[in-house]
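Next comes target.cif, a file with mmCIF, C-alpha atoms and all ligand atoms.
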data_model
loop_
_atom_site.label_atom_id
_atom_site.label_comp_id
_atom_site.auth_asym_id
_atom_site.auth_seq_id
_atom_site.Cartn_x
_atom_site.Cartn_y
_atom_site.Cartn_z
CA MET T 1 -85.98 37.95 -8.83
CA GLN T 2 -86.95 36.35 -5.53
CA LYS T 3 -87.48 39.47 -3.44
CA LYS T 4 -90.91 41.01 -3.51
CA TRP T 5 -89.95 44.58 -2.68
CA LEU T 6 -87.01 46.34 -4.30
CA THR T 7 -85.35 49.17 -2.41
CA VAL T 8 -85.19 52.27 -4.60
CA SER T 9 -81.83 53.33 -3.13
CA ASP T 10 -80.31 50.03 -4.34
CA ILE T 11 -80.97 50.96 -7.94
CA PRO T 12 -78.17 52.89 -9.65
CA ALA T 13 -78.95 56.28 -11.16
CA GLN T 14 -78.56 54.91 -14.69
CA GLY T 15 -81.22 52.30 -13.94
CA ARG T 16 -81.26 48.54 -13.81
CA GLU T 17 -82.86 45.79 -15.85
CA PHE T 18 -84.81 42.95 -14.32
CA TYR T 19 -85.90 39.74 -15.95
CA PHE T 20 -88.70 37.35 -15.17
CA GLU T 21 -88.17 34.26 -17.20
CA ASP T 22 -88.22 31.03 -15.30
CA GLU T 23 -90.84 29.07 -13.48
CA GLN T 24 -89.74 30.32 -10.10
CA ASP T 25 -90.21 33.94 -11.12
CA TRP T 26 -93.74 33.17 -12.14
CA ALA T 27 -94.62 31.04 -9.15
CA GLY T 28 -95.35 34.10 -7.03
CA LEU T 29 -97.58 35.53 -9.73
CA LYS T 30 -99.85 32.57 -10.10
CA ASP T 31 -102.05 33.45 -7.16
CA ASN T 32 -104.63 35.55 -9.00
CA ASN T 33 -105.91 36.07 -12.53
CA LEU T 34 -102.93 34.30 -14.00
CA SER T 35 -103.62 31.07 -12.16
CA ASN T 36 -105.80 29.69 -14.95
CA GLN T 37 -102.88 29.84 -17.31
CA GLU T 38 -101.16 26.55 -17.48
CA LYS T 39 -97.92 27.87 -18.83
CA CYS T 40 -97.26 31.51 -18.14
CA ASP T 41 -93.62 30.53 -17.53
CA ASN T 42 -93.21 30.59 -21.30
CA LEU T 43 -93.50 34.35 -21.07
CA LYS T 44 -90.35 36.40 -20.70
CA VAL T 45 -90.46 39.82 -19.14
CA MET T 46 -87.84 42.53 -19.20
CA VAL T 47 -88.32 45.58 -17.01
CA GLU T 48 -85.99 48.54 -16.89
CA VAL T 49 -86.28 50.52 -13.66
CA LEU T 50 -85.07 54.11 -14.12
CA PRO T 51 -85.09 56.32 -11.02
CA GLN T 52 -85.98 59.95 -11.76
CA LYS T 53 -85.98 63.02 -9.53
CA ASP T 54 -89.69 62.85 -8.78
CA GLY T 55 -90.53 59.19 -9.36
CA ILE T 56 -89.64 55.97 -11.09
CA TYR T 57 -89.91 55.31 -14.77
CA PHE T 58 -90.58 51.70 -15.81
CA LYS T 59 -90.07 50.46 -19.32
CA GLY T 60 -90.09 46.99 -20.75
CA ASN T 61 -91.80 44.22 -22.65
CA ILE T 62 -93.44 40.86 -22.27
CA LYS T 63 -93.10 38.27 -24.97
CA GLY T 64 -93.57 34.59 -25.53
CA GLN T 65 -96.48 32.21 -25.57
CA THR T 66 -99.17 31.36 -23.14
CA ILE T 67 -101.95 28.80 -23.10
CA ILE T 68 -105.41 30.27 -22.66
CA PRO T 69 -108.84 29.27 -23.92
CA CYS T 70 -109.85 30.47 -27.39
CA SER T 71 -112.65 33.03 -27.03
CA ARG T 72 -114.70 31.35 -29.78
CA CYS T 73 -114.30 27.58 -29.32
CA LEU T 74 -112.96 27.55 -25.72
CA GLU T 75 -110.17 25.11 -26.59
CA SER T 76 -106.87 25.69 -24.79
CA SER T 77 -104.69 27.44 -27.32
CA ASN T 78 -101.16 28.66 -27.66
CA ILE T 79 -101.38 32.42 -27.93
CA ASP T 80 -98.44 34.58 -28.96
CA ILE T 81 -97.89 37.54 -26.68
CA TYR T 82 -95.95 40.67 -27.45
CA HIS T 83 -96.58 43.65 -25.23
CA ASN T 84 -94.52 46.80 -24.72
CA PHE T 85 -95.12 49.02 -21.74
CA ASP T 86 -93.83 52.16 -20.10
CA LEU T 87 -95.19 53.94 -17.08
CA PHE T 88 -94.24 56.44 -14.46
CA GLU T 89 -94.88 56.19 -10.73
CA ASP T 90 -94.77 59.38 -8.71
CA PHE T 91 -92.87 59.52 -5.41
CA GLU T 92 -95.75 61.54 -4.03
CA GLN T 93 -97.79 58.40 -3.80
CA CYS T 94 -94.89 56.67 -2.09
CA HIS T 95 -94.97 59.17 0.74
CA GLN T 96 -98.59 58.57 1.53
CA LYS T 97 -97.94 56.21 4.36
CA GLY T 98 -99.80 52.97 4.39
CA SER T 99 -100.93 53.38 0.82
CA GLU T 100 -100.18 50.23 -1.10
CA THR T 101 -102.42 50.81 -4.04
CA GLY T 102 -99.56 51.81 -6.30
CA LEU T 103 -96.29 50.17 -7.11
CA LEU T 104 -94.32 52.14 -4.51
CA LYS T 105 -94.41 52.16 -0.75
CA PHE T 106 -92.58 54.15 1.89
CA GLU T 107 -91.40 52.40 5.03
CA ASN T 108 -88.65 53.00 7.60
CA GLY T 109 -87.28 55.94 5.65
CA GLN T 110 -86.97 53.88 2.46
CA CYS T 111 -88.96 53.80 -0.73
CA TYR T 112 -89.72 50.34 -2.11
CA ILE T 113 -90.94 49.12 -5.48
CA ASP T 114 -93.29 46.20 -5.91
CA LEU T 115 -91.88 44.84 -9.13
CA GLN T 116 -93.94 41.66 -8.97
CA LYS T 117 -97.11 43.69 -8.92
CA LEU T 118 -95.94 45.64 -11.95
CA VAL T 119 -95.18 42.44 -13.87
CA LYS T 120 -98.49 40.92 -12.81
CA GLU T 121 -100.45 43.96 -13.96
CA GLN T 122 -98.61 44.13 -17.26
CA ALA T 123 -98.98 40.39 -17.86
CA ILE T 124 -102.74 40.76 -17.48
CA LEU T 125 -102.75 43.75 -19.85
CA ALA T 126 -100.67 41.75 -22.31
CA LEU T 127 -103.34 39.09 -22.69
CA PRO T 128 -105.57 39.67 -25.71
CA ASP T 129 -109.25 40.46 -24.99
CA LYS T 130 -110.38 37.92 -27.52
CA PRO T 131 -107.71 35.26 -27.98
CA LEU T 132 -108.25 33.00 -30.99
CA CYS T 133 -106.83 29.52 -31.57
CA SER T 134 -106.74 30.51 -35.23
CA GLU T 135 -107.97 33.42 -37.34
CA ILE T 136 -110.40 31.07 -39.03
CA CYS T 137 -111.76 29.47 -35.85
CA LYS T 138 -115.41 28.60 -36.49
CA GLY T 139 -116.35 28.65 -32.83
CA LEU T 140 -119.18 26.78 -31.17
CA CYS T 141 -122.63 26.21 -32.62
CA PRO T 142 -124.91 28.76 -30.95
CA ARG T 143 -127.66 26.14 -30.68
CA CYS T 144 -126.05 22.88 -29.52
CA GLY T 145 -122.58 24.03 -28.43
CA GLU T 146 -120.74 21.64 -30.75
CA ASP T 147 -117.20 22.71 -31.67
CA LEU T 148 -117.63 23.51 -35.37
CA ASN T 149 -113.89 23.19 -36.02
CA LYS T 150 -114.16 19.46 -35.31
CA ASP T 151 -117.48 18.49 -36.68
CA LEU T 152 -120.58 19.85 -38.31
CA CYS T 153 -123.36 19.48 -35.81
CA ALA T 154 -126.81 18.20 -36.70
CA CYS T 155 -128.41 21.63 -36.47
CA SER T 156 -126.14 23.23 -39.03
CA GLN T 157 -126.72 20.32 -41.42
CA ASN T 158 -130.49 20.54 -41.06
CA ALA T 159 -130.75 24.28 -41.08
CA GLY T 160 -128.46 24.72 -44.04
CA ASP T 161 -127.74 28.34 -44.74
CA PRO T 162 -129.11 30.32 -41.78
CA ARG T 163 -130.14 33.11 -44.18
CA MET T 164 -132.59 30.64 -45.71
CA ALA T 165 -134.24 29.90 -42.36
CA VAL T 166 -136.87 32.50 -43.13
CA PHE T 167 -138.14 30.32 -45.98
CA GLN T 168 -138.38 27.19 -43.87
CA ASN T 169 -142.07 27.58 -43.10
CA VAL T 170 -143.08 28.71 -46.53
CA LYS T 171 -145.34 26.10 -48.08
CA ILE T 172 -145.07 25.69 -51.73
CA GLU T 173 -148.37 24.86 -53.41
CA LYS T 174 -148.14 21.91 -55.68
ZN ZN Z 1 -111.00 28.55 -31.45
ZN ZN Z 2 -125.46 22.76 -33.50
#
Take the structure in the file and write it out as structure tokens.
Amino acid sequence: MQKKWLTVSDIPAQGREFYFEDEQDWAGLKDNNLSNQEKCDNLKVMVEVLPQKDGIYFKGNIKGQTIIPCSRCLESSNIDIYHNFDLFEDFEQCHQKGSETGLLKFENGQCYIDLQKLVKEQAILALPDKPLCSEICKGLCPRCGEDLNKDLCACSQNAGDPRMAVFQNVKIEK
């Protein structure tokens, strides 16, 4: 999958499958939001491109693992990804000359598909909003920022149960 733009007329009527699975495939995708991922090449993408009368139907999935920071403790974590997608792009958009907002463009009497853009968009959608290193991640202490998975920080030891904080200033008459 080296070529950026696919020519629609090269795709057989019954459709064709494309795979993004090695480092080279991902190299071209690392220029934006995905660049902070150390290992997006562990993700495998399958896209089926099915030409229709009035547009192109795309169907596929992204699966594998990627390394992104945990949303609670910020540690780099291996996150499992499994994302199915299907979408339809209208030829109408393709005929609006100069428009490159969609996945299709029309040039020199040919319609082209930007498959890399599709994969890029879907890879971003595939990432969880709140990735967790583990379901039981304790996160960072809201006061000192200590990673509570590794150590109990001084504030949590002193404060004890935060629900008891309200009693901290209560003086008990002796
Ligand atoms: Zn975590
Ligand atoms: Zn703390």
message: Could you check the closest approach to ligand ZN 1 (chain Z) for each of T:Lys105, T:Lys130, T:Lys59, T:Lys44 and tell me which residue wins, using all atoms listed in the file?
response: T:Lys130
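Separating CA of Asp80 in chain T from CA of Gly64 in chain T is a distance of 6.0 Å.
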For chain T against ligand ZN 1 (chain Z), with a cut-off of 7 Å and counting only C-alpha atoms and all ligand atoms, what is the closest atom pair and its distance in Å to one decimal for every residue that makes the cut, ordered by chain and number, as a Markdown table?
| residue | atom | partner | partner_atom | distance |
| --- | --- | --- | --- | --- |
| T:Cys70 | CA | Z:ZN1 | ZN | 4.6 |
| T:Ser71 | CA | Z:ZN1 | ZN | 6.5 |
| T:Arg72 | CA | Z:ZN1 | ZN | 4.9 |
| T:Cys73 | CA | Z:ZN1 | ZN | 4.0 |
| T:Leu74 | CA | Z:ZN1 | ZN | 6.1 |
| T:Glu75 | CA | Z:ZN1 | ZN | 6.0 |
| T:Leu132 | CA | Z:ZN1 | ZN | 5.3 |
| T:Cys133 | CA | Z:ZN1 | ZN | 4.3 |
| T:Ser134 | CA | Z:ZN1 | ZN | 6.0 |
| T:Cys137 | CA | Z:ZN1 | ZN | 4.6 |
| T:Lys138 | CA | Z:ZN1 | ZN | 6.7 |
| T:Gly139 | CA | Z:ZN1 | ZN | 5.5 |
Show me a table, sorted first by chain and then by increasing residue number, of the residues of chain T having an atom at most 6 Å from ligand ZN 2 (chain Z), each with its shortest atom pair and the distance in Å to one decimal, counting all atoms listed in the file and written as JSON lines.
{"residue": "T:Cys141", "atom": "CA", "partner": "Z:ZN2", "partner_atom": "ZN", "distance": 4.5}
{"residue": "T:Arg143", "atom": "CA", "partner": "Z:ZN2", "partner_atom": "ZN", "distance": 4.9}
{"residue": "T:Cys144", "atom": "CA", "partner": "Z:ZN2", "partner_atom": "ZN", "distance": 4.0}
{"residue": "T:Gly145", "atom": "CA", "partner": "Z:ZN2", "partner_atom": "ZN", "distance": 6.0}
{"residue": "T:Glu146", "atom": "CA", "partner": "Z:ZN2", "partner_atom": "ZN", "distance": 5.6}
{"residue": "T:Cys153", "atom": "CA", "partner": "Z:ZN2", "partner_atom": "ZN", "distance": 4.5}
{"residue": "T:Ala154", "atom": "CA", "partner": "Z:ZN2", "partner_atom": "ZN", "distance": 5.7}
{"residue": "T:Cys155", "atom": "CA", "partner": "Z:ZN2", "partner_atom": "ZN", "distance": 4.3}
{"residue": "T:Ser156", "atom": "CA", "partner": "Z:ZN2", "partner_atom": "ZN", "distance": 5.6}
Grab all the atoms of range 134-141 of chain T that the file lists, wrap them in a box along x, y and z, add 6 Å per side, and give me centre plus edge lengths in Å (one decimal) as AutoDock Vina command-line options.
--center_x -114.7 --center_y 29.8 --center_z -35.1 --size_x 27.9 --size_y 19.2 --size_z 19.9
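Of the residues listed (T:Val119, T:Ile67, T:Val45, T:Ile56), T:Ile56 shows the shortest atom-to-atom separation from Asp90 in chain T; distances use all atoms listed in the file.
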